[in-house]
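Structure file structure38.txt with compact mmCIF, C-alpha atoms:
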```
# COMPACT_ATOMS: atom_id res chain seq x y z
CA MET R 128 -18.67 418.34 80.54
CA ASN R 129 -19.77 419.77 83.90
CA THR R 130 -22.85 421.29 82.23
CA HIS R 131 -23.85 417.89 80.88
CA ILE R 132 -23.53 416.34 84.32
CA VAL R 133 -25.69 419.07 85.87
CA TRP R 134 -28.41 418.57 83.27
CA LEU R 135 -28.24 414.81 83.79
CA PHE R 136 -28.84 415.22 87.53
CA ILE R 137 -31.72 417.62 86.87
CA SER R 138 -33.34 415.13 84.46
CA ILE R 139 -33.02 412.23 86.90
CA SER R 140 -34.46 414.35 89.72
CA CYS R 141 -37.46 415.33 87.61
CA ILE R 142 -38.13 411.71 86.71
CA ASN R 143 -37.95 410.66 90.37
CA VAL R 144 -40.33 413.44 91.41
CA PHE R 145 -42.75 412.39 88.67
CA PHE R 146 -42.83 408.76 89.84
CA ILE R 147 -43.19 409.75 93.50
CA VAL R 148 -46.16 411.97 92.66
CA GLN R 149 -47.73 409.22 90.54
CA GLN R 150 -47.31 406.66 93.31
CA GLY R 151 -48.78 409.07 95.84
CA LEU R 152 -51.82 409.67 93.67
CA SER R 153 -52.30 405.94 93.10
CA ALA R 154 -52.00 405.19 96.80
CA ALA R 155 -54.47 407.94 97.63
CA ALA R 156 -56.94 406.48 95.16
CA ILE R 157 -56.55 403.00 96.67
CA ASP R 158 -56.61 404.16 100.28
CA ASP R 159 -59.75 406.26 99.91
CA PRO R 160 -62.60 403.96 100.98
CA THR R 161 -65.14 406.57 99.92
CA GLU R 162 -64.13 406.42 96.26
CA GLU R 163 -67.08 405.09 94.31
CA THR R 164 -67.69 403.50 90.96
CA THR R 165 -70.41 405.26 89.01
CA SER R 166 -73.48 403.33 87.97
CA THR R 167 -72.90 404.33 84.35
CA GLU R 168 -70.11 401.73 84.25
CA MET R 169 -72.70 398.95 84.49
CA THR R 170 -73.54 397.78 81.00
CA SER R 171 -75.82 395.17 79.53
CA THR R 172 -72.83 392.83 79.31
CA THR R 173 -71.99 393.13 83.01
CA SER R 174 -71.81 389.71 84.65
CA GLU R 175 -73.75 388.79 87.78
CA THR R 176 -70.50 388.80 89.76
CA ASP R 177 -69.63 392.28 88.47
CA ILE R 178 -73.06 393.55 89.53
CA VAL R 179 -72.59 392.21 93.05
CA GLU R 180 -69.11 393.72 93.24
CA GLN R 181 -70.30 397.10 92.01
CA GLU R 182 -73.18 397.09 94.49
CA LEU R 183 -70.74 396.33 97.30
CA PHE R 184 -68.48 399.17 96.23
CA LEU R 185 -71.31 401.65 95.61
CA GLY R 186 -71.80 402.35 99.28
CA ASN R 187 -74.17 399.50 100.16
CA PHE R 188 -71.28 397.83 101.92
CA THR R 189 -69.09 399.28 104.67
CA GLY R 190 -66.00 397.12 104.21
CA SER R 191 -62.68 398.80 103.55
CA CYS R 192 -59.51 397.53 101.94
CA CYS R 193 -57.51 399.92 104.11
CA LEU R 194 -58.24 399.00 107.72
CA LYS R 195 -57.25 401.35 110.51
CA ARG R 196 -54.65 400.05 112.91
CA ASP R 197 -56.34 401.54 115.96
CA PRO R 198 -58.68 398.74 117.13
CA LEU R 199 -61.13 401.31 118.47
CA GLU R 200 -61.59 402.67 114.95
CA ALA R 201 -61.23 399.46 112.93
CA GLY R 202 -64.97 398.92 112.55
CA ALA R 203 -68.22 400.85 112.26
CA GLN R 204 -69.18 402.63 115.46
CA PRO R 205 -72.66 403.29 116.83
CA PRO R 206 -75.13 404.82 116.42
CA PHE R 207 -76.49 402.61 113.63
CA GLU R 208 -79.60 403.20 111.54
CA SER R 209 -80.77 399.66 110.88
CA ASP R 210 -84.49 398.82 111.13
CA GLU R 211 -85.83 395.87 113.08
CA GLN R 212 -86.26 392.67 111.07
CA ASP R 213 -88.08 389.41 111.55
CA TYR R 214 -85.99 386.29 112.11
CA PRO R 215 -83.78 385.17 110.42
CA GLY R 216 -83.13 388.62 108.95
CA LEU R 217 -81.18 389.68 105.89
CA GLU R 218 -77.69 391.11 105.92
CA SER R 219 -78.46 392.91 102.67
CA LYS R 220 -81.12 394.99 104.48
CA MET R 221 -78.87 396.15 107.33
CA ASN R 222 -77.48 399.66 107.66
CA PRO R 223 -74.54 399.67 107.82
CA ARG R 224 -73.94 396.35 106.13
CA PRO R 225 -71.71 394.04 108.15
CA ASP R 226 -68.12 393.90 106.95
CA PHE R 227 -67.36 390.26 106.09
CA GLY R 228 -63.88 390.92 104.71
CA TYR R 229 -64.71 391.25 101.02
CA LYS R 230 -62.13 393.99 100.48
CA SER R 231 -59.68 393.11 103.23
CA TYR R 232 -59.24 389.34 103.55
CA HIS R 233 -56.45 387.83 101.46
CA GLY R 234 -55.80 384.10 101.62
CA SER R 235 -52.55 382.15 101.37
CA ASP R 236 -53.68 378.56 100.64
CA LYS R 237 -53.82 377.60 104.32
CA LEU R 238 -56.82 375.36 103.61
CA LYS R 239 -56.03 374.33 100.06
CA GLY R 240 -57.95 371.24 98.98
CA LYS R 241 -60.10 371.13 102.12
CA VAL R 242 -63.89 370.87 102.22
CA ALA R 243 -65.73 372.89 104.86
CA ILE R 244 -69.38 372.89 105.95
CA ILE R 245 -70.52 376.16 107.52
CA THR R 246 -74.01 376.34 108.97
CA GLY R 247 -75.47 379.83 108.82
CA GLY R 248 -72.85 380.69 106.21
CA ASP R 249 -75.11 383.05 104.30
CA SER R 250 -74.58 386.04 106.60
CA GLY R 251 -72.84 387.38 109.66
CA ILE R 252 -69.92 385.43 111.10
CA GLY R 253 -70.69 382.43 108.90
CA ARG R 254 -70.40 384.51 105.74
CA ALA R 255 -67.04 385.94 106.82
CA VAL R 256 -65.79 382.43 107.57
CA ALA R 257 -67.03 381.15 104.20
CA LEU R 258 -65.19 383.94 102.39
CA ALA R 259 -61.99 383.40 104.37
CA TYR R 260 -62.05 379.62 103.92
CA ALA R 261 -62.67 379.93 100.19
CA ARG R 262 -59.85 382.42 99.76
CA GLU R 263 -57.63 380.03 101.72
CA GLY R 264 -58.34 377.38 99.09
CA ALA R 265 -61.21 375.40 100.60
CA SER R 266 -64.43 374.34 98.90
CA VAL R 267 -67.32 375.54 101.04
CA VAL R 268 -70.80 374.23 101.74
CA ILE R 269 -73.17 376.86 103.09
CA SER R 270 -76.19 375.70 105.05
CA TYR R 271 -78.88 378.31 105.68
CA LEU R 272 -82.56 378.52 106.62
CA ASN R 273 -84.34 380.54 103.92
CA GLU R 274 -82.28 383.71 103.41
CA THR R 275 -81.93 383.10 99.68
CA GLU R 276 -80.91 386.66 98.81
CA ASP R 277 -77.94 386.63 101.18
CA ALA R 278 -76.94 383.06 100.33
CA GLU R 279 -76.96 383.60 96.58
CA GLU R 280 -75.01 386.83 96.97
CA ILE R 281 -72.09 385.18 98.78
CA GLN R 282 -72.22 382.21 96.40
CA THR R 283 -71.98 384.59 93.44
CA ILE R 284 -68.99 386.32 95.00
CA LEU R 285 -67.14 383.10 95.74
CA GLN R 286 -67.88 381.46 92.41
CA GLY R 287 -66.88 384.67 90.65
CA GLU R 288 -63.47 384.31 92.29
CA GLY R 289 -63.20 380.72 91.09
CA HIS R 290 -64.12 378.99 94.36
CA GLU R 291 -66.54 376.09 94.76
CA CYS R 292 -69.59 376.91 96.86
CA LEU R 293 -72.58 374.64 97.44
CA LEU R 294 -75.78 376.06 98.95
CA ILE R 295 -78.11 373.85 101.02
CA PRO R 296 -81.25 375.59 102.35
CA GLY R 297 -83.39 374.11 105.09
CA ASP R 298 -84.12 373.93 108.80
CA ILE R 299 -81.43 372.29 110.93
CA THR R 300 -83.97 371.64 113.71
CA ASP R 301 -85.01 368.74 111.47
CA GLU R 302 -82.66 365.80 112.02
CA ALA R 303 -83.32 364.54 108.50
CA HIS R 304 -82.13 367.85 107.09
CA CYS R 305 -78.91 367.65 109.13
CA LYS R 306 -78.24 364.28 107.53
CA LYS R 307 -79.08 365.76 104.13
CA ILE R 308 -76.40 368.43 104.56
CA ILE R 309 -73.78 365.77 105.20
CA ASP R 310 -75.02 363.47 102.43
CA GLN R 311 -75.06 366.23 99.80
CA THR R 312 -71.59 367.35 100.81
CA ILE R 313 -70.22 363.82 100.40
CA GLU R 314 -72.06 363.40 97.11
CA LYS R 315 -70.51 366.61 95.77
CA PHE R 316 -67.02 366.63 97.30
CA GLU R 317 -66.52 363.08 98.68
CA ARG R 318 -65.00 364.34 101.93
CA ILE R 319 -65.45 366.62 104.94
CA ASP R 320 -62.42 368.24 106.55
CA ILE R 321 -63.99 371.07 108.54
CA LEU R 322 -67.38 371.38 110.22
CA VAL R 323 -68.33 374.82 111.53
CA ASN R 324 -71.43 374.67 113.72
CA ASN R 325 -72.33 378.34 113.52
CA ALA R 326 -76.08 378.69 112.87
CA ALA R 327 -78.10 380.01 115.80
CA TYR R 328 -81.47 381.38 116.82
CA GLN R 329 -81.80 384.31 119.21
CA GLY R 330 -85.36 385.35 119.98
CA LYS R 331 -86.64 388.85 120.72
CA GLU R 332 -85.28 390.28 123.94
CA LEU R 333 -87.95 389.97 126.64
CA GLU R 334 -88.52 392.54 129.35
CA ASN R 335 -89.80 390.02 131.89
CA SER R 336 -87.36 387.33 130.84
CA ILE R 337 -88.41 383.85 131.89
CA GLU R 338 -92.01 384.73 132.75
CA ASP R 339 -92.66 385.64 129.12
CA MET R 340 -90.46 382.93 127.60
CA SER R 341 -92.73 380.30 126.10
CA HIS R 342 -92.02 376.58 126.05
CA ASP R 343 -92.08 376.59 122.25
CA ARG R 344 -89.50 379.36 122.05
CA VAL R 345 -87.13 377.62 124.46
CA LEU R 346 -87.55 374.34 122.59
CA TYR R 347 -86.85 375.93 119.20
CA THR R 348 -83.80 377.75 120.57
CA PHE R 349 -82.34 374.52 121.93
CA GLN R 350 -83.18 372.58 118.77
CA THR R 351 -81.47 375.17 116.59
CA ASN R 352 -78.47 376.03 118.72
CA ILE R 353 -77.37 372.81 120.40
CA ILE R 354 -79.40 369.75 119.35
CA SER R 355 -78.55 370.39 115.70
CA MET R 356 -74.86 370.32 116.68
CA PHE R 357 -75.29 366.81 118.01
CA ASP R 358 -77.03 365.73 114.81
CA LEU R 359 -74.65 367.38 112.35
CA THR R 360 -71.56 366.24 114.22
CA ARG R 361 -72.84 362.68 114.60
CA TYR R 362 -73.49 362.38 110.87
CA ALA R 363 -70.27 364.16 109.84
CA ILE R 364 -67.72 362.27 111.94
CA PRO R 365 -67.78 359.01 109.93
CA HIS R 366 -66.68 361.04 106.89
CA MET R 367 -63.92 362.99 108.65
CA SER R 368 -60.36 361.69 108.55
CA ARG R 369 -57.49 362.26 110.95
CA GLY R 370 -56.46 365.90 110.92
CA SER R 371 -60.01 367.16 110.47
CA SER R 372 -61.47 369.92 112.61
CA ILE R 373 -64.81 370.73 114.23
CA ILE R 374 -65.39 374.34 115.28
CA ASN R 375 -68.43 375.32 117.32
CA VAL R 376 -69.65 378.84 118.00
CA ALA R 377 -70.57 379.83 121.55
CA SER R 378 -70.82 383.41 122.83
CA ILE R 379 -69.83 385.71 125.63
CA GLN R 380 -73.42 385.03 126.72
CA ALA R 381 -72.20 381.65 127.98
CA TYR R 382 -70.23 383.49 130.67
CA SER R 383 -72.22 386.70 131.09
CA PRO R 384 -75.86 385.84 130.29
CA SER R 385 -78.50 388.47 129.60
CA ALA R 386 -81.84 387.75 131.26
CA GLY R 387 -83.87 388.89 128.25
CA ILE R 388 -82.32 386.20 126.03
CA LEU R 389 -81.73 383.59 128.71
CA ASP R 390 -82.70 380.70 126.44
CA TYR R 391 -80.02 381.71 123.93
CA ALA R 392 -77.40 382.25 126.64
CA THR R 393 -78.11 378.84 128.14
CA THR R 394 -77.56 377.08 124.82
CA LYS R 395 -74.25 378.88 124.41
CA ALA R 396 -73.11 377.59 127.79
CA ALA R 397 -74.15 374.12 126.66
CA ILE R 398 -72.00 374.51 123.54
CA VAL R 399 -68.96 375.15 125.73
CA ALA R 400 -69.57 371.87 127.57
CA PHE R 401 -70.31 370.07 124.29
CA THR R 402 -67.00 371.26 122.84
CA LYS R 403 -64.87 370.23 125.80
CA GLY R 404 -66.49 366.82 126.17
CA LEU R 405 -66.41 366.03 122.46
CA ALA R 406 -62.79 367.15 122.09
CA GLU R 407 -61.57 364.57 124.57
CA LYS R 408 -63.41 361.76 122.81
CA MET R 409 -62.43 362.78 119.28
CA LEU R 410 -58.70 362.75 120.00
CA GLU R 411 -58.61 359.01 119.45
CA LYS R 412 -59.87 359.68 115.91
CA GLY R 413 -57.34 362.45 115.31
CA ILE R 414 -60.09 365.10 115.05
CA ARG R 415 -59.66 368.37 116.92
CA VAL R 416 -62.71 370.12 118.40
CA ASN R 417 -62.62 373.77 119.41
CA CYS R 418 -64.96 376.68 119.92
CA VAL R 419 -65.02 380.41 119.18
CA ALA R 420 -66.87 382.59 121.69
CA PRO R 421 -67.59 386.02 120.18
CA GLY R 422 -68.51 389.15 122.02
CA PRO R 423 -70.88 391.67 120.40
CA VAL R 424 -70.82 391.25 116.60
CA TRP R 425 -72.83 393.27 114.06
CA THR R 426 -74.95 390.58 112.35
CA PRO R 427 -78.61 390.05 111.37
CA LEU R 428 -79.12 388.35 114.74
CA ILE R 429 -78.94 391.78 116.36
CA VAL R 430 -81.64 393.51 114.33
CA THR R 431 -83.97 390.52 114.70
CA SER R 432 -83.55 390.36 118.49
CA TYR R 433 -83.46 393.95 119.69
CA SER R 434 -85.51 397.09 119.18
CA LYS R 435 -84.29 399.66 116.68
CA GLU R 436 -83.41 401.94 119.57
CA LYS R 437 -81.28 399.32 121.31
CA SER R 438 -79.59 397.98 118.16
CA SER R 439 -78.66 401.55 117.21
CA GLN R 440 -76.33 401.59 120.23
CA PHE R 441 -75.21 397.98 119.93
CA GLY R 442 -71.65 397.53 121.16
CA ALA R 443 -71.38 401.05 122.57
CA ASN R 444 -70.89 399.72 126.11
CA SER R 445 -68.12 397.30 125.13
CA PRO R 446 -64.48 398.12 125.99
CA MET R 447 -63.88 399.10 122.35
CA LYS R 448 -67.07 401.19 122.23
CA ARG R 449 -68.21 399.31 119.13
CA PRO R 450 -69.26 395.81 118.05
CA ALA R 451 -66.95 393.53 116.12
CA GLN R 452 -67.43 393.19 112.40
CA PRO R 453 -67.71 389.58 111.15
CA ARG R 454 -64.37 389.84 109.32
CA GLU R 455 -62.68 390.29 112.70
CA LEU R 456 -63.82 386.80 113.73
CA ALA R 457 -62.83 384.94 110.55
CA PRO R 458 -59.07 384.65 111.26
CA ALA R 459 -59.83 382.75 114.48
CA PHE R 460 -61.74 380.14 112.46
CA VAL R 461 -58.95 379.89 109.90
CA PHE R 462 -56.40 379.39 112.67
CA LEU R 463 -58.40 376.62 114.35
CA ALA R 464 -59.13 374.87 111.05
CA ASN R 465 -55.54 374.99 109.85
CA GLY R 466 -53.88 371.85 111.16
CA LYS R 467 -50.39 373.16 110.47
CA GLU R 468 -50.66 375.96 113.03
CA SER R 469 -53.08 374.61 115.62
CA THR R 470 -52.24 370.90 115.86
CA TYR R 471 -51.80 371.07 119.65
CA ILE R 472 -55.04 372.93 120.26
CA THR R 473 -58.24 371.05 121.06
CA GLY R 474 -61.02 371.50 123.59
CA GLU R 475 -60.30 375.22 123.72
CA ILE R 476 -62.72 378.15 123.82
CA LEU R 477 -61.19 381.02 121.86
CA SER R 478 -62.82 384.23 123.04
CA VAL R 479 -62.99 387.13 120.57
CA THR R 480 -64.73 389.68 122.74
CA GLY R 481 -62.99 393.00 122.21
CA GLY R 482 -61.64 393.12 125.74
CA ARG R 483 -64.54 391.65 127.70
CA ILE R 484 -63.32 389.15 130.29
CA THR R 485 -65.05 385.78 129.91
CA ALA R 486 -63.53 383.74 132.71
```
Render the structure in this file as structure tokens.
Amino acid sequence: MNTHIVWLFISISCINVFFIVQQGLSAAAIDDPTEETTSTEMTSTTSETDIVEQELFLGNFTGSCCLKRDPLEAGAQPPFESDEQDYPGLESKMNPRPDFGYKSYHGSDKLKGKVAIITGGDSGIGRAVALAYAREGASVVISYLNETEDAEEIQTILQGEGHECLLIPGDITDEAHCKKIIDQTIEKFERIDILVNNAAYQGKELENSIEDMSHDRVLYTFQTNIISMFDLTRYAIPHMSRGSSIINVASIQAYSPSAGILDYATTKAAIVAFTKGLAEKMLEKGIRVNCVAPGPVWTPLIVTSYSKEKSSQFGANSPMKRPAQPRELAPAFVFLANGKESTYITGEILSVTGGRITA
């Protein structure tokens, strides 16, 4: 009898050890962000979504499903090896590719049934917001200039996950195009719940600042960054019901402007004023208006504005010694858009600067 009991305990112990080892091996496989899928797995029957996913996992994308808890190590650190690009730039050509949360963001229906317009949603912060909103249950409309490769990539990803995603290319400096974005959204979805004014132009950094800053450049910067906000917001408001949300994107440049991109910095300061003034007026309509002010973020805007030498060290002088990745901004936009958690917040500037003091 005692012998049987001993053997029973030995058997149970062996089984437990087996399962512990198996779980450890599985966890190691999941936690290893360097594990790659071989290209031989791509067959002639592979869908377009599968191809995008495999490309993202084959090392062309730096995102990780297992984020480090230490904020200093939670994103790619300089030096970077990305070449200069002409505006508006392509995220797909950056090295490393910005992390927009593909592997890490998991939604919980916080925006279920909502319709969101995101200007500049093809890349950078806008792409991360589009992904987060879609995974939170929203249908997304992505406005972009002409970066078709980036736009179609994020659309393929979202549609492959079963989300609705409408692409609208064009120049938001054209008032008629701003109206078109709103009209096409209403035609497709019959409502607008969230407007994210994110698209922006940042010209090449100038050594002599204002002396070399042409009238045409300043005009285009203002038309893209702030005048388009007036147009888009004006056309969107009649279609927004009580409980809707407008989220604008400013920058730490509004508080700590760099002389070489003074036109850009000035528009970001204007966006802060636009947000606060509009928020007060929109309360009577039950629409909240807020703003996110990022610090340094690794997006195509960086490689189109700075030299390769300077962009290689981008974010190195920030308190965290690195730039933010776009995925680190997305939760702020989800929070401000989600009426259940931010109903008492309007007219606020939410700074996501990695420790830089903005005021």
Fill in the blank from the handout: The distance between CA of Glu407 in chain R and CA of Gly264 in chain R is 28.7 Å
Practice task
List every protein, DNA or RNA residue that has an atom no more than 8 Å from (-80.9, 387.1, 98.8) in the file's coordinate frame, counting all atoms listed in the file, and report them as a VMD selection string.
Solution key: chain R and resid 217 219 274 to 280
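Counting only C-alpha atoms and comparing R:Ile321, R:Ile244, R:Ala451, R:Leu389, the residue that lies closest to Ser336 in chain R is R:Leu389.
For the residues R:Ile398, R:Leu405, R:Leu293, R:Ala255, ranking by smallest atom-to-atom distance to Glu314 in chain R using only C-alpha atoms places R:Leu293 first.
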Practice task
Name all residues at most 9 Å from range 340-349 of chain R (count all atoms listed in the file; drop same-chain ones fewer than 4 positions away) and give them as a PyMOL selection string.
Solution key: chain R and resi 300+327-330+333+335-336+353-355+387-391+393-394
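For the choices R:Ile337, R:Leu238, R:Ala459, R:Val424, the atom-to-atom distance to Ser250 in chain R is smallest for R:Val424 when using only C-alpha atoms.
From CA of Phe357 in chain R back to CA of Gly404 in chain R, the distance works out to 12.0 Å.
Interatomic distance, CA of Ile269 in chain R to CA of Asn417 in chain R: 19.7 Å.
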I want to know what sits within 6 Å of range 374-381 of chain R, based on only C-alpha atoms, with residues of the same chain fewer than 5 positions away left out; could you give that as an mmCIF file with C-alpha atoms, in the coordinates of the input?
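Resulting contents of around23.cif:
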```
data_model
loop_
_atom_site.group_PDB
_atom_site.id
_atom_site.type_symbol
_atom_site.label_atom_id
_atom_site.label_comp_id
_atom_site.auth_asym_id
_atom_site.auth_seq_id
_atom_site.Cartn_x
_atom_site.Cartn_y
_atom_site.Cartn_z
ATOM 1 C CA VAL R 323 -68.330 374.820 111.530
ATOM 2 C CA ASN R 324 -71.430 374.670 113.720
ATOM 3 C CA ASN R 325 -72.330 378.340 113.520
ATOM 4 C CA ALA R 392 -77.400 382.250 126.640
ATOM 5 C CA LYS R 395 -74.250 378.880 124.410
ATOM 6 C CA ALA R 396 -73.110 377.590 127.790
ATOM 7 C CA ILE R 398 -72.000 374.510 123.540
ATOM 8 C CA VAL R 416 -62.710 370.120 118.400
ATOM 9 C CA ASN R 417 -62.620 373.770 119.410
ATOM 10 C CA CYS R 418 -64.960 376.680 119.920
ATOM 11 C CA VAL R 419 -65.020 380.410 119.180
ATOM 12 C CA ALA R 420 -66.870 382.590 121.690
ATOM 13 C CA PRO R 421 -67.590 386.020 120.180
ATOM 14 C CA GLY R 422 -68.510 389.150 122.020
#
```
Completion exercise
Shortest contact to Asp298 in chain R, candidates R:Ala257, R:Leu272, R:Ile429, R:Leu410, atoms counted all atoms listed in the file, goes to R:Leu272
Fill in the blank from the handout: Closest of R:Lys239, R:Lys230, R:Arg262, R:Arg254 to Pro453 in chain R, counting all atoms listed in the file, is R:Arg254
Complete the atom set of range 254-267 of chain R to N, CA and C atoms and return it as a short mmCIF file (atom, residue, chain, number, x, y, z; two decimals), in the coordinates of the input.
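Output saved as part_14.cif:
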```
data_model
loop_
_atom_site.label_atom_id
_atom_site.label_comp_id
_atom_site.auth_asym_id
_atom_site.auth_seq_id
_atom_site.Cartn_x
_atom_site.Cartn_y
_atom_site.Cartn_z
N ARG R 254 -70.78 384.00 107.06
CA ARG R 254 -70.40 384.51 105.74
C ARG R 254 -68.91 384.89 105.71
N ALA R 255 -68.45 385.55 106.76
CA ALA R 255 -67.04 385.94 106.82
C ALA R 255 -66.14 384.71 106.83
N VAL R 256 -66.57 383.67 107.53
CA VAL R 256 -65.79 382.43 107.57
C VAL R 256 -65.79 381.76 106.20
N ALA R 257 -66.95 381.75 105.53
CA ALA R 257 -67.03 381.15 104.20
C ALA R 257 -66.09 381.85 103.23
N LEU R 258 -66.08 383.17 103.27
CA LEU R 258 -65.19 383.94 102.39
C LEU R 258 -63.73 383.63 102.70
N ALA R 259 -63.38 383.65 103.97
CA ALA R 259 -61.99 383.40 104.37
C ALA R 259 -61.55 381.98 103.98
N TYR R 260 -62.39 381.00 104.26
CA TYR R 260 -62.05 379.62 103.92
C TYR R 260 -61.86 379.46 102.42
N ALA R 261 -62.77 380.04 101.64
CA ALA R 261 -62.67 379.93 100.19
C ALA R 261 -61.39 380.57 99.68
N ARG R 262 -61.07 381.74 100.20
CA ARG R 262 -59.85 382.42 99.76
C ARG R 262 -58.59 381.74 100.28
N GLU R 263 -58.75 380.85 101.26
CA GLU R 263 -57.63 380.03 101.72
C GLU R 263 -57.54 378.72 100.95
N GLY R 264 -58.43 378.54 99.97
CA GLY R 264 -58.34 377.38 99.09
C GLY R 264 -59.33 376.27 99.34
N ALA R 265 -60.24 376.45 100.29
CA ALA R 265 -61.21 375.40 100.60
C ALA R 265 -62.45 375.50 99.71
N SER R 266 -63.09 374.36 99.48
CA SER R 266 -64.43 374.34 98.90
C SER R 266 -65.41 374.46 100.06
N VAL R 267 -66.44 375.29 99.91
CA VAL R 267 -67.32 375.54 101.04
C VAL R 267 -68.75 375.12 100.75
#
```
